[in-house]
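**Q** Next comes run-v4.cif, mmCIF, C-alpha atoms and all ligand atoms:
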```cif
data_query
#
loop_
_atom_site.group_PDB
_atom_site.id
_atom_site.type_symbol
_atom_site.label_atom_id
_atom_site.label_comp_id
_atom_site.auth_asym_id
_atom_site.auth_seq_id
_atom_site.Cartn_x
_atom_site.Cartn_y
_atom_site.Cartn_z
ATOM 1 C CA MET A 1 81.086 81.768 7.861
ATOM 2 C CA ALA A 2 78.568 79.179 9.043
ATOM 3 C CA GLY A 3 78.746 77.313 12.299
ATOM 4 C CA THR A 4 76.932 75.636 15.192
ATOM 5 C CA VAL A 5 76.462 77.240 18.606
ATOM 6 C CA LEU A 6 78.143 75.037 21.218
ATOM 7 C CA ARG A 7 77.200 77.140 24.202
ATOM 8 C CA ALA A 8 75.277 80.329 24.958
ATOM 9 C CA ARG A 9 76.109 82.024 28.192
ATOM 10 C CA GLY A 10 75.678 85.580 29.343
ATOM 11 C CA GLY A 11 75.476 87.109 25.883
ATOM 12 C CA GLU A 12 78.556 85.227 24.714
ATOM 13 C CA TYR A 13 78.261 82.450 22.170
ATOM 14 C CA LEU A 14 80.847 79.788 21.488
ATOM 15 C CA VAL A 15 80.486 78.797 17.831
ATOM 16 C CA ASP A 16 81.983 75.728 16.167
ATOM 17 C CA THR A 17 82.591 77.178 12.709
ATOM 18 C CA ASP A 18 82.625 74.944 9.661
ATOM 19 C CA ASP A 19 86.381 75.480 9.205
ATOM 20 C CA GLY A 20 86.920 73.520 12.435
ATOM 21 C CA GLU A 21 87.628 76.457 14.766
ATOM 22 C CA SER A 22 85.796 77.427 17.947
ATOM 23 C CA ARG A 23 85.049 81.149 17.988
ATOM 24 C CA SER A 24 83.510 83.364 20.593
ATOM 25 C CA ALA A 25 80.829 85.614 19.139
ATOM 26 C CA SER A 26 78.268 88.169 20.225
ATOM 27 C CA LEU A 27 74.855 88.843 18.743
ATOM 28 C CA ARG A 28 74.380 91.692 16.336
ATOM 29 C CA GLY A 29 71.916 94.330 17.441
ATOM 30 C CA ARG A 30 68.775 93.175 15.717
ATOM 31 C CA LEU A 31 69.179 89.643 17.066
ATOM 32 C CA LYS A 32 69.742 90.987 20.561
ATOM 33 C CA LEU A 33 66.281 92.464 20.437
ATOM 34 C CA GLU A 34 64.745 89.117 19.457
ATOM 35 C CA GLN A 35 66.648 87.623 22.344
ATOM 36 C CA ARG A 36 64.794 89.880 24.736
ATOM 37 C CA THR A 37 61.426 89.069 23.222
ATOM 38 C CA GLY A 38 62.029 85.416 24.021
ATOM 39 C CA ASP A 39 63.309 83.885 20.798
ATOM 40 C CA ARG A 40 66.671 82.909 22.189
ATOM 41 C CA VAL A 41 69.741 81.634 20.389
ATOM 42 C CA VAL A 42 70.644 78.336 22.057
ATOM 43 C CA ALA A 43 73.198 75.539 21.758
ATOM 44 C CA GLY A 44 72.624 73.644 18.539
ATOM 45 C CA ASP A 45 71.478 76.660 16.543
ATOM 46 C CA ARG A 46 73.039 76.950 13.097
ATOM 47 C CA VAL A 47 74.286 80.496 12.627
ATOM 48 C CA ARG A 48 76.234 82.676 10.209
ATOM 49 C CA ILE A 49 78.942 84.771 11.761
ATOM 50 C CA LEU A 50 80.921 87.707 10.508
ATOM 51 C CA LEU A 51 84.561 88.136 11.359
ATOM 52 C CA GLN A 52 85.071 91.818 12.234
ATOM 53 C CA GLU A 53 88.188 93.828 11.493
ATOM 54 C CA ASP A 54 89.185 93.761 15.167
ATOM 55 C CA ALA A 55 89.031 89.909 15.000
ATOM 56 C CA SER A 56 85.830 89.759 17.063
ATOM 57 C CA CYS A 57 82.846 87.827 15.679
ATOM 58 C CA THR A 58 79.180 88.662 15.475
ATOM 59 C CA ILE A 59 76.267 86.337 14.815
ATOM 60 C CA GLU A 60 74.468 87.848 11.818
ATOM 61 C CA HIS A 61 71.829 85.261 11.110
ATOM 62 C CA VAL A 62 70.184 82.277 12.810
ATOM 63 C CA GLU A 63 68.876 79.502 10.587
ATOM 64 C CA GLU A 64 65.476 77.979 11.023
ATOM 65 C CA ARG A 65 65.578 74.963 13.352
ATOM 66 C CA ARG A 66 64.786 71.465 12.156
ATOM 67 C CA SER A 67 63.889 70.421 15.712
ATOM 68 C CA GLN A 68 64.186 71.588 19.285
ATOM 69 C CA LEU A 69 63.905 70.301 22.805
ATOM 70 C CA THR A 70 61.581 72.511 24.800
ATOM 71 C CA ARG A 71 60.849 72.560 28.447
ATOM 72 C CA ARG A 72 57.536 73.540 29.894
ATOM 73 C CA ALA A 73 57.058 73.991 33.616
ATOM 74 C CA PRO A 74 54.786 71.312 35.111
ATOM 75 C CA GLY A 75 51.246 72.176 36.130
ATOM 76 C CA ARG A 76 47.984 73.007 34.486
ATOM 77 C CA GLY A 77 48.783 76.480 33.315
ATOM 78 C CA HIS A 78 50.379 76.794 29.914
ATOM 79 C CA PRO A 79 53.417 78.974 30.432
ATOM 80 C CA ARG A 80 55.625 79.580 27.452
ATOM 81 C CA ALA A 81 57.771 76.620 26.587
ATOM 82 C CA ARG A 82 61.472 77.376 26.790
ATOM 83 C CA VAL A 83 63.790 76.080 24.095
ATOM 84 C CA MET A 84 66.716 74.294 25.741
ATOM 85 C CA ILE A 85 68.647 73.057 22.733
ATOM 86 C CA ALA A 86 68.145 73.244 18.970
ATOM 87 C CA ASN A 87 68.449 70.825 16.049
ATOM 88 C CA VAL A 88 68.438 67.662 18.145
ATOM 89 C CA ASP A 89 68.296 64.439 16.104
ATOM 90 C CA GLN A 90 67.810 61.939 18.907
ATOM 91 C CA VAL A 91 67.474 61.467 22.646
ATOM 92 C CA VAL A 92 69.743 58.827 24.173
ATOM 93 C CA ILE A 93 68.674 57.545 27.571
ATOM 94 C CA VAL A 94 71.569 55.969 29.442
ATOM 95 C CA VAL A 95 70.930 53.777 32.464
ATOM 96 C CA ALA A 96 73.023 51.180 34.288
ATOM 97 C CA ALA A 97 71.958 47.535 34.176
ATOM 98 C CA ALA A 98 72.880 47.604 37.863
ATOM 99 C CA ARG A 99 74.545 49.985 40.335
ATOM 100 C CA PRO A 100 72.536 52.073 40.339
ATOM 101 C CA GLU A 101 69.503 49.813 39.848
ATOM 102 C CA PRO A 102 67.622 50.891 36.694
ATOM 103 C CA ARG A 103 64.450 52.893 37.309
ATOM 104 C CA LEU A 104 62.218 52.082 34.383
ATOM 105 C CA ARG A 105 59.592 54.640 35.308
ATOM 106 C CA MET A 106 62.228 57.338 34.914
ATOM 107 C CA ILE A 107 63.098 56.017 31.446
ATOM 108 C CA ASP A 108 59.423 56.325 30.515
ATOM 109 C CA ARG A 109 59.443 59.998 31.472
ATOM 110 C CA PHE A 110 62.454 60.672 29.285
ATOM 111 C CA LEU A 111 60.816 58.791 26.417
ATOM 112 C CA VAL A 112 57.683 60.919 26.751
ATOM 113 C CA LEU A 113 59.864 64.008 26.644
ATOM 114 C CA ALA A 114 61.428 62.766 23.395
ATOM 115 C CA GLU A 115 58.028 61.880 21.895
ATOM 116 C CA THR A 116 56.407 65.190 22.749
ATOM 117 C CA ASN A 117 59.307 66.966 21.049
ATOM 118 C CA GLY A 118 58.927 64.692 18.015
ATOM 119 C CA LEU A 119 62.373 63.177 18.510
ATOM 120 C CA PRO A 120 63.451 59.552 18.092
ATOM 121 C CA ALA A 121 65.008 57.908 21.144
ATOM 122 C CA PHE A 122 66.914 54.815 22.145
ATOM 123 C CA VAL A 123 67.936 53.277 25.446
ATOM 124 C CA VAL A 124 71.493 52.386 26.431
ATOM 125 C CA VAL A 125 71.858 49.799 29.178
ATOM 126 C CA ASN A 126 75.429 50.179 30.446
ATOM 127 C CA LYS A 127 77.558 48.184 32.915
ATOM 128 C CA THR A 128 76.663 44.777 31.461
ATOM 129 C CA ASP A 129 80.004 43.566 32.871
ATOM 130 C CA LEU A 130 78.604 43.612 36.407
ATOM 131 C CA ALA A 131 77.597 40.243 37.857
ATOM 132 C CA ASP A 132 74.167 41.547 38.912
ATOM 133 C CA ALA A 133 73.494 43.009 35.434
ATOM 134 C CA ALA A 134 72.543 39.798 33.621
ATOM 135 C CA GLY A 135 69.302 39.272 35.521
ATOM 136 C CA ASN A 136 68.141 42.817 34.772
ATOM 137 C CA ILE A 137 68.492 42.869 30.970
ATOM 138 C CA ALA A 138 65.118 41.194 30.348
ATOM 139 C CA ARG A 139 63.413 44.091 32.110
ATOM 140 C CA PHE A 140 64.150 46.256 29.074
ATOM 141 C CA HIS A 141 62.133 44.070 26.700
ATOM 142 C CA PRO A 142 59.078 46.401 26.855
ATOM 143 C CA TYR A 143 61.178 49.093 25.157
ATOM 144 C CA ASP A 144 62.007 46.809 22.231
ATOM 145 C CA LEU A 145 58.292 46.038 21.991
ATOM 146 C CA ALA A 146 57.412 49.736 22.021
ATOM 147 C CA GLY A 147 59.870 50.292 19.161
ATOM 148 C CA TYR A 148 62.808 51.820 21.041
ATOM 149 C CA PRO A 149 66.168 50.224 20.266
ATOM 150 C CA VAL A 150 67.935 48.921 23.383
ATOM 151 C CA VAL A 151 71.725 48.930 23.148
ATOM 152 C CA THR A 152 73.709 47.125 25.842
ATOM 153 C CA THR A 153 77.205 48.405 26.627
ATOM 154 C CA SER A 154 80.114 48.044 28.983
ATOM 155 C CA VAL A 155 82.910 50.550 29.270
ATOM 156 C CA ILE A 156 84.911 47.885 31.139
ATOM 157 C CA ASP A 157 84.930 45.090 28.532
ATOM 158 C CA GLY A 158 84.033 47.169 25.456
ATOM 159 C CA HIS A 159 80.758 45.389 24.732
ATOM 160 C CA GLY A 160 78.469 47.447 22.472
ATOM 161 C CA LEU A 161 80.759 50.488 22.317
ATOM 162 C CA GLU A 162 81.104 50.346 18.526
ATOM 163 C CA GLU A 163 77.333 50.295 18.071
ATOM 164 C CA PHE A 164 76.963 53.155 20.555
ATOM 165 C CA ARG A 165 79.588 55.182 18.658
ATOM 166 C CA GLU A 166 77.984 54.529 15.279
ATOM 167 C CA ARG A 167 74.602 55.681 16.546
ATOM 168 C CA LEU A 168 76.102 58.974 17.736
ATOM 169 C CA CYS A 169 78.318 59.810 14.744
ATOM 170 C CA GLY A 170 76.935 62.373 12.299
ATOM 171 C CA ARG A 171 73.985 63.314 14.504
ATOM 172 C CA GLU A 172 73.168 65.679 17.324
ATOM 173 C CA SER A 173 72.215 63.632 20.354
ATOM 174 C CA VAL A 174 71.025 64.643 23.778
ATOM 175 C CA LEU A 175 72.109 62.353 26.610
ATOM 176 C CA ALA A 176 69.709 61.793 29.470
ATOM 177 C CA GLY A 177 69.673 59.477 32.439
ATOM 178 C CA PRO A 178 70.521 59.307 36.123
ATOM 179 C CA SER A 179 73.936 60.236 37.419
ATOM 180 C CA GLY A 180 76.233 57.275 37.886
ATOM 181 C CA ALA A 181 74.847 55.451 34.843
ATOM 182 C CA GLY A 182 78.097 55.971 32.942
ATOM 183 C CA LYS A 183 77.315 58.792 30.495
ATOM 184 C CA SER A 184 80.675 60.516 30.960
ATOM 185 C CA SER A 185 82.532 57.190 30.836
ATOM 186 C CA LEU A 186 80.774 56.165 27.606
ATOM 187 C CA LEU A 187 81.660 59.454 25.906
ATOM 188 C CA ASN A 188 85.279 59.174 27.022
ATOM 189 C CA ALA A 189 85.368 55.639 25.625
ATOM 190 C CA ILE A 190 84.177 56.636 22.144
ATOM 191 C CA GLU A 191 85.853 60.039 21.865
ATOM 192 C CA PRO A 192 89.631 59.882 22.226
ATOM 193 C CA GLY A 193 91.105 62.817 24.105
ATOM 194 C CA LEU A 194 87.800 64.059 25.505
ATOM 195 C CA GLY A 195 88.807 63.343 29.096
ATOM 196 C CA LEU A 196 85.521 64.157 30.819
ATOM 197 C CA ARG A 197 85.571 63.917 34.568
ATOM 198 C CA ILE A 198 83.585 61.029 36.037
ATOM 199 C CA GLY A 199 80.084 62.409 36.567
ATOM 200 C CA ALA A 200 80.731 65.406 34.305
ATOM 201 C CA ILE A 201 77.706 64.880 32.066
ATOM 202 C CA GLY A 202 74.398 66.113 33.398
ATOM 203 C CA GLU A 203 75.899 68.241 36.123
ATOM 204 C CA ALA A 204 74.488 71.742 36.230
ATOM 205 C CA ALA A 205 77.198 74.161 35.176
ATOM 206 C CA GLY A 206 77.917 76.574 38.007
ATOM 207 C CA LYS A 207 76.241 74.494 40.690
ATOM 208 C CA GLY A 208 75.176 76.270 43.833
ATOM 209 C CA ARG A 209 73.113 79.372 44.139
ATOM 210 C CA HIS A 210 72.048 79.595 40.541
ATOM 211 C CA THR A 211 71.591 76.174 39.099
ATOM 212 C CA THR A 212 71.720 77.057 35.438
ATOM 213 C CA VAL A 213 70.294 74.721 32.859
ATOM 214 C CA THR A 214 72.404 75.942 29.982
ATOM 215 C CA ALA A 215 72.939 73.250 27.432
ATOM 216 C CA GLU A 216 76.333 72.610 25.931
ATOM 217 C CA LEU A 217 77.346 70.676 22.840
ATOM 218 C CA ILE A 218 80.407 68.464 22.691
ATOM 219 C CA PRO A 219 81.704 68.009 19.108
ATOM 220 C CA LEU A 220 82.546 64.440 18.088
ATOM 221 C CA SER A 221 85.547 63.735 15.864
ATOM 222 C CA CYS A 222 83.424 61.350 13.772
ATOM 223 C CA SER A 223 81.165 64.419 13.147
ATOM 224 C CA GLY A 224 78.066 65.131 15.155
ATOM 225 C CA TYR A 225 77.509 66.523 18.626
ATOM 226 C CA VAL A 226 76.483 65.317 22.023
ATOM 227 C CA GLY A 227 74.301 67.740 23.913
ATOM 228 C CA ASP A 228 74.743 67.913 27.645
ATOM 229 C CA THR A 229 71.540 69.390 29.040
ATOM 230 C CA PRO A 230 71.900 69.520 32.826
ATOM 231 C CA GLY A 231 68.224 70.151 33.513
ATOM 232 C CA LEU A 232 67.385 66.820 31.926
ATOM 233 C CA ARG A 233 68.270 65.028 35.106
ATOM 234 C CA GLU A 234 65.339 66.471 36.964
ATOM 235 C CA VAL A 235 62.819 65.071 34.587
ATOM 236 C CA GLY A 236 59.993 66.041 36.943
ATOM 237 C CA LEU A 237 60.549 69.651 35.951
ATOM 238 C CA TRP A 238 59.368 68.919 32.435
ATOM 239 C CA GLY A 239 55.644 69.332 32.137
ATOM 240 C CA VAL A 240 53.463 67.148 29.944
ATOM 241 C CA ASP A 241 50.259 67.906 28.131
ATOM 242 C CA LEU A 242 47.559 65.561 29.446
ATOM 243 C CA ASP A 243 45.483 65.806 26.256
ATOM 244 C CA THR A 244 48.207 64.184 24.179
ATOM 245 C CA LEU A 245 50.024 62.093 26.784
ATOM 246 C CA ASP A 246 48.563 58.793 25.553
ATOM 247 C CA SER A 247 49.953 59.301 22.052
ATOM 248 C CA ALA A 248 53.438 59.755 23.558
ATOM 249 C CA PHE A 249 53.354 55.982 24.245
ATOM 250 C CA PRO A 250 53.880 54.439 20.782
ATOM 251 C CA GLU A 251 52.462 51.048 21.806
ATOM 252 C CA PHE A 252 49.164 52.736 22.814
ATOM 253 C CA ARG A 253 48.764 54.501 19.476
ATOM 254 C CA PRO A 254 47.175 51.694 17.425
ATOM 255 C CA LEU A 255 44.486 51.410 20.132
ATOM 256 C CA LEU A 256 43.619 55.068 20.540
ATOM 257 C CA GLY A 257 40.152 55.590 19.224
ATOM 258 C CA ALA A 258 39.149 51.965 19.898
ATOM 259 C CA CYS A 259 37.986 52.809 23.430
ATOM 260 C CA ARG A 260 34.224 53.228 23.978
ATOM 261 C CA PHE A 261 34.752 56.941 24.518
ATOM 262 C CA GLY A 262 37.102 57.193 21.582
ATOM 263 C CA ARG A 263 39.837 59.793 21.648
ATOM 264 C CA SER A 264 38.359 61.428 24.748
ATOM 265 C CA CYS A 265 39.070 58.304 26.857
ATOM 266 C CA THR A 266 41.680 59.015 29.539
ATOM 267 C CA HIS A 267 42.257 55.235 29.990
ATOM 268 C CA VAL A 268 42.021 55.753 33.754
ATOM 269 C CA HIS A 269 38.461 54.762 34.739
ATOM 270 C CA GLU A 270 36.244 54.623 31.625
ATOM 271 C CA PRO A 271 34.418 51.388 30.755
ATOM 272 C CA ASP A 272 35.459 49.420 27.640
ATOM 273 C CA CYS A 273 38.876 50.985 27.447
ATOM 274 C CA ALA A 274 40.979 49.338 24.726
ATOM 275 C CA VAL A 275 44.231 50.449 26.340
ATOM 276 C CA ARG A 276 43.411 48.960 29.753
ATOM 277 C CA GLU A 277 42.192 45.770 28.058
ATOM 278 C CA ALA A 278 45.527 45.496 26.279
ATOM 279 C CA VAL A 279 47.297 45.869 29.625
ATOM 280 C CA THR A 280 45.165 43.059 31.078
ATOM 281 C CA ASP A 281 45.947 40.876 28.046
ATOM 282 C CA GLY A 282 49.644 41.562 28.460
ATOM 283 C CA GLN A 283 49.844 43.270 25.046
ATOM 284 C CA ILE A 284 50.872 46.514 26.719
ATOM 285 C CA ASP A 285 53.476 46.335 29.449
ATOM 286 C CA ALA A 286 51.924 46.947 32.877
ATOM 287 C CA GLY A 287 54.919 49.014 33.981
ATOM 288 C CA ARG A 288 54.639 51.357 31.011
ATOM 289 C CA PHE A 289 50.932 51.815 31.730
ATOM 290 C CA GLU A 290 51.784 52.509 35.360
ATOM 291 C CA SER A 291 54.095 55.298 34.165
ATOM 292 C CA TYR A 292 51.282 56.729 32.077
ATOM 293 C CA LEU A 293 48.980 56.816 35.114
ATOM 294 C CA ALA A 294 51.698 58.277 37.341
ATOM 295 C CA MET A 295 52.433 61.047 34.851
ATOM 296 C CA ARG A 296 48.745 61.907 34.646
ATOM 297 C CA ALA A 297 48.449 61.989 38.425
ATOM 298 C CA ASP A 298 51.495 64.243 38.764
ATOM 299 C CA GLU A 299 50.212 66.975 36.506
HETATM 300 P P1 LIG A 301 77.529 59.635 34.725
HETATM 301 O O1 LIG A 301 77.183 60.283 36.029
HETATM 302 O O2 LIG A 301 76.310 59.078 34.046
HETATM 303 O O3 LIG A 301 78.330 60.509 33.817
HETATM 304 O O4 LIG A 301 78.403 58.331 35.093
HETATM 305 P P2 LIG A 301 80.003 58.189 35.120
HETATM 306 O O5 LIG A 301 80.552 58.054 33.766
HETATM 307 O O6 LIG A 301 80.532 59.265 35.981
HETATM 308 O O7 LIG A 301 80.178 56.770 35.836
HETATM 309 C C1 LIG A 301 79.737 56.520 37.163
HETATM 310 C C2 LIG A 301 80.546 55.370 37.744
HETATM 311 O O8 LIG A 301 80.277 54.169 37.037
HETATM 312 C C3 LIG A 301 82.054 55.585 37.648
HETATM 313 O O9 LIG A 301 82.651 55.080 38.837
HETATM 314 C C4 LIG A 301 82.450 54.751 36.456
HETATM 315 O O10 LIG A 301 83.792 54.304 36.542
HETATM 316 C C5 LIG A 301 81.481 53.587 36.545
HETATM 317 N N1 LIG A 301 81.196 52.979 35.223
HETATM 318 C C6 LIG A 301 80.889 53.630 34.078
HETATM 319 N N2 LIG A 301 80.656 52.747 33.077
HETATM 320 C C7 LIG A 301 80.808 51.512 33.603
HETATM 321 C C8 LIG A 301 80.687 50.185 33.078
HETATM 322 O O11 LIG A 301 80.396 49.950 31.898
HETATM 323 N N3 LIG A 301 80.885 49.154 33.947
HETATM 324 C C9 LIG A 301 81.205 49.356 35.267
HETATM 325 N N4 LIG A 301 81.390 48.270 36.041
HETATM 326 N N5 LIG A 301 81.339 50.594 35.788
HETATM 327 C C10 LIG A 301 81.134 51.658 34.975
HETATM 328 ZN ZN ZN A 302 40.832 54.128 26.887
#
```
Could you write out this file's structure as structure tokens?
**A**
Amino acid sequence: MAGTVLRARGGEYLVDTDDGESRSASLRGRLKLEQRTGDRVVAGDRVRILLQEDASCTIEHVEERRSQLTRRAPGRGHPRARVMIANVDQVVIVVAAARPEPRLRMIDRFLVLAETNGLPAFVVVNKTDLADAAGNIARFHPYDLAGYPVVTTSVIDGHGLEEFRERLCGRESVLAGPSGAGKSSLLNAIEPGLGLRIGAIGEAAGKGRHTTVTAELIPLSCSGYVGDTPGLREVGLWGVDLDTLDSAFPEFRPLLGACRFGRSCTHVHEPDCAVREAVTDGQIDAGRFESYLAMRADE
């Protein structure tokens, strides 16, 4: 039987099998060995399981991934990247239009994370019902310009919820964004019977001494999954590769190579830099460029 791993914890795997059941499974011996050598089975992996005579299940085979979200520790060394979640189709960054005030520089970090993993992304601006929201919507225009869809929503008056639902159905999405933005509320609104606690999404499972970063998939009744990856909240823990950081900003891409120093330009201090000129001209958003510089400086 084929299925999708919803959660991997302590050698136990919860698998959403294609017949609609959730089954607990363990790894068969050979796969256990791979597990130790670092090639882990994670949430989102497509697997084949075997139902044993004693009704227990074993994972017999793991299919090749079509994508993955990996996390690399920050810093100059190149430690092994750790796969957090497999077969992700898109990254959904949820922020509030107000309360809490949107932090655009944090959105940029999540977008870079999506880009460096080769994943499409879009931005959800929630809480448009709030009186102080209206004045903030225009601040998201740079994302439209950079090619990221911006979807406005309100769980209170229902604005945008149908579009949000449609974008999630049939895909595996990872939700990112600060706590309090409304991620749990949005999922409750589009998935009847889910009943997530307020603030449930993005919380590290088993908070306290060991803050685990185990990802978990929530199945959607319209097909598809939403991945809750607790570690995503602390976006600073995700390292970036300085050599390719500029190409993680889609609006920079057409200009890369047009700088005097070509592809080796860092766009920080070099003369005749096409990227910095575009910022001066207003072609590239100054805030997005500021994020680029800040991410370089942090590494
Ligand atoms: P999460 O931490 O991102 O999962 O955010 P929650 O879903 O827990 O929501 C945080 C708070 O914002 C809760 O008090 C929600 O009731 C509130 N909230 C969520 N969505 C909306 C919205 O669209 N409009 C307003 N006014 N409040 C919202
Ligand atoms: Zn340059």
**Q** Return as a tab-separated table the residues of chain A lying at most 6 Å from ligand ZN 302 (chain A), together with the closest atom-to-atom pair for each and the distance in Å to one decimal, counting only C-alpha atoms and all ligand atoms, with rows in chain order and ascending residue number.
**A**
```
residue	atom	partner	partner_atom	distance
A:Cys259	CA	A:ZN302	ZN	4.7
A:Cys265	CA	A:ZN302	ZN	4.5
A:Thr266	CA	A:ZN302	ZN	5.6
A:His267	CA	A:ZN302	ZN	3.6
A:Cys273	CA	A:ZN302	ZN	3.7
A:Ala274	CA	A:ZN302	ZN	5.3
A:Val275	CA	A:ZN302	ZN	5.0
```
**Q** Kindly resolve the PyMOL selection byres (((chain A and resi 158) around 12) and not hetatm) on the present coordinates and return the residues as a PyMOL selection string.
**A** chain A and resi 126-129+152-157+159-165+185-186+189-190
**Q** Apply the PyMOL selection byres (((chain A and resi 113) around 9) and not hetatm) to the displayed file and report the matching residues as an NGL selection string.
**A** :A and (69-71 or 91 or 108-112 or 114-119 or 235 or 238-240 or 248)
**Q** Apply the PyMOL selection byres (((chain A and resi 92) around 8) and not hetatm) to the structure shown and report the selected residues as a compact mmCIF listing (two decimals) with C-alpha atoms, in the frame of the given file.
**A**
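Now in result_1.txt:
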```txt
# COMPACT_ATOMS: atom_id res chain seq x y z
CA GLN A 90 67.81 61.94 18.91
CA VAL A 91 67.47 61.47 22.65
CA ILE A 93 68.67 57.54 27.57
CA VAL A 94 71.57 55.97 29.44
CA ALA A 121 65.01 57.91 21.14
CA PHE A 122 66.91 54.82 22.14
CA VAL A 123 67.94 53.28 25.45
CA VAL A 124 71.49 52.39 26.43
CA SER A 173 72.22 63.63 20.35
CA VAL A 174 71.03 64.64 23.78
CA LEU A 175 72.11 62.35 26.61
CA ALA A 176 69.71 61.79 29.47
```
**Q** Hey, can you check how far atom CA of Leu194 of chain A sits from atom CA of Val47 of chain A?
**A**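 Taking atom CA of Leu194 of chain A and atom CA of Val47 of chain A, their separation equals 24.9 Å.
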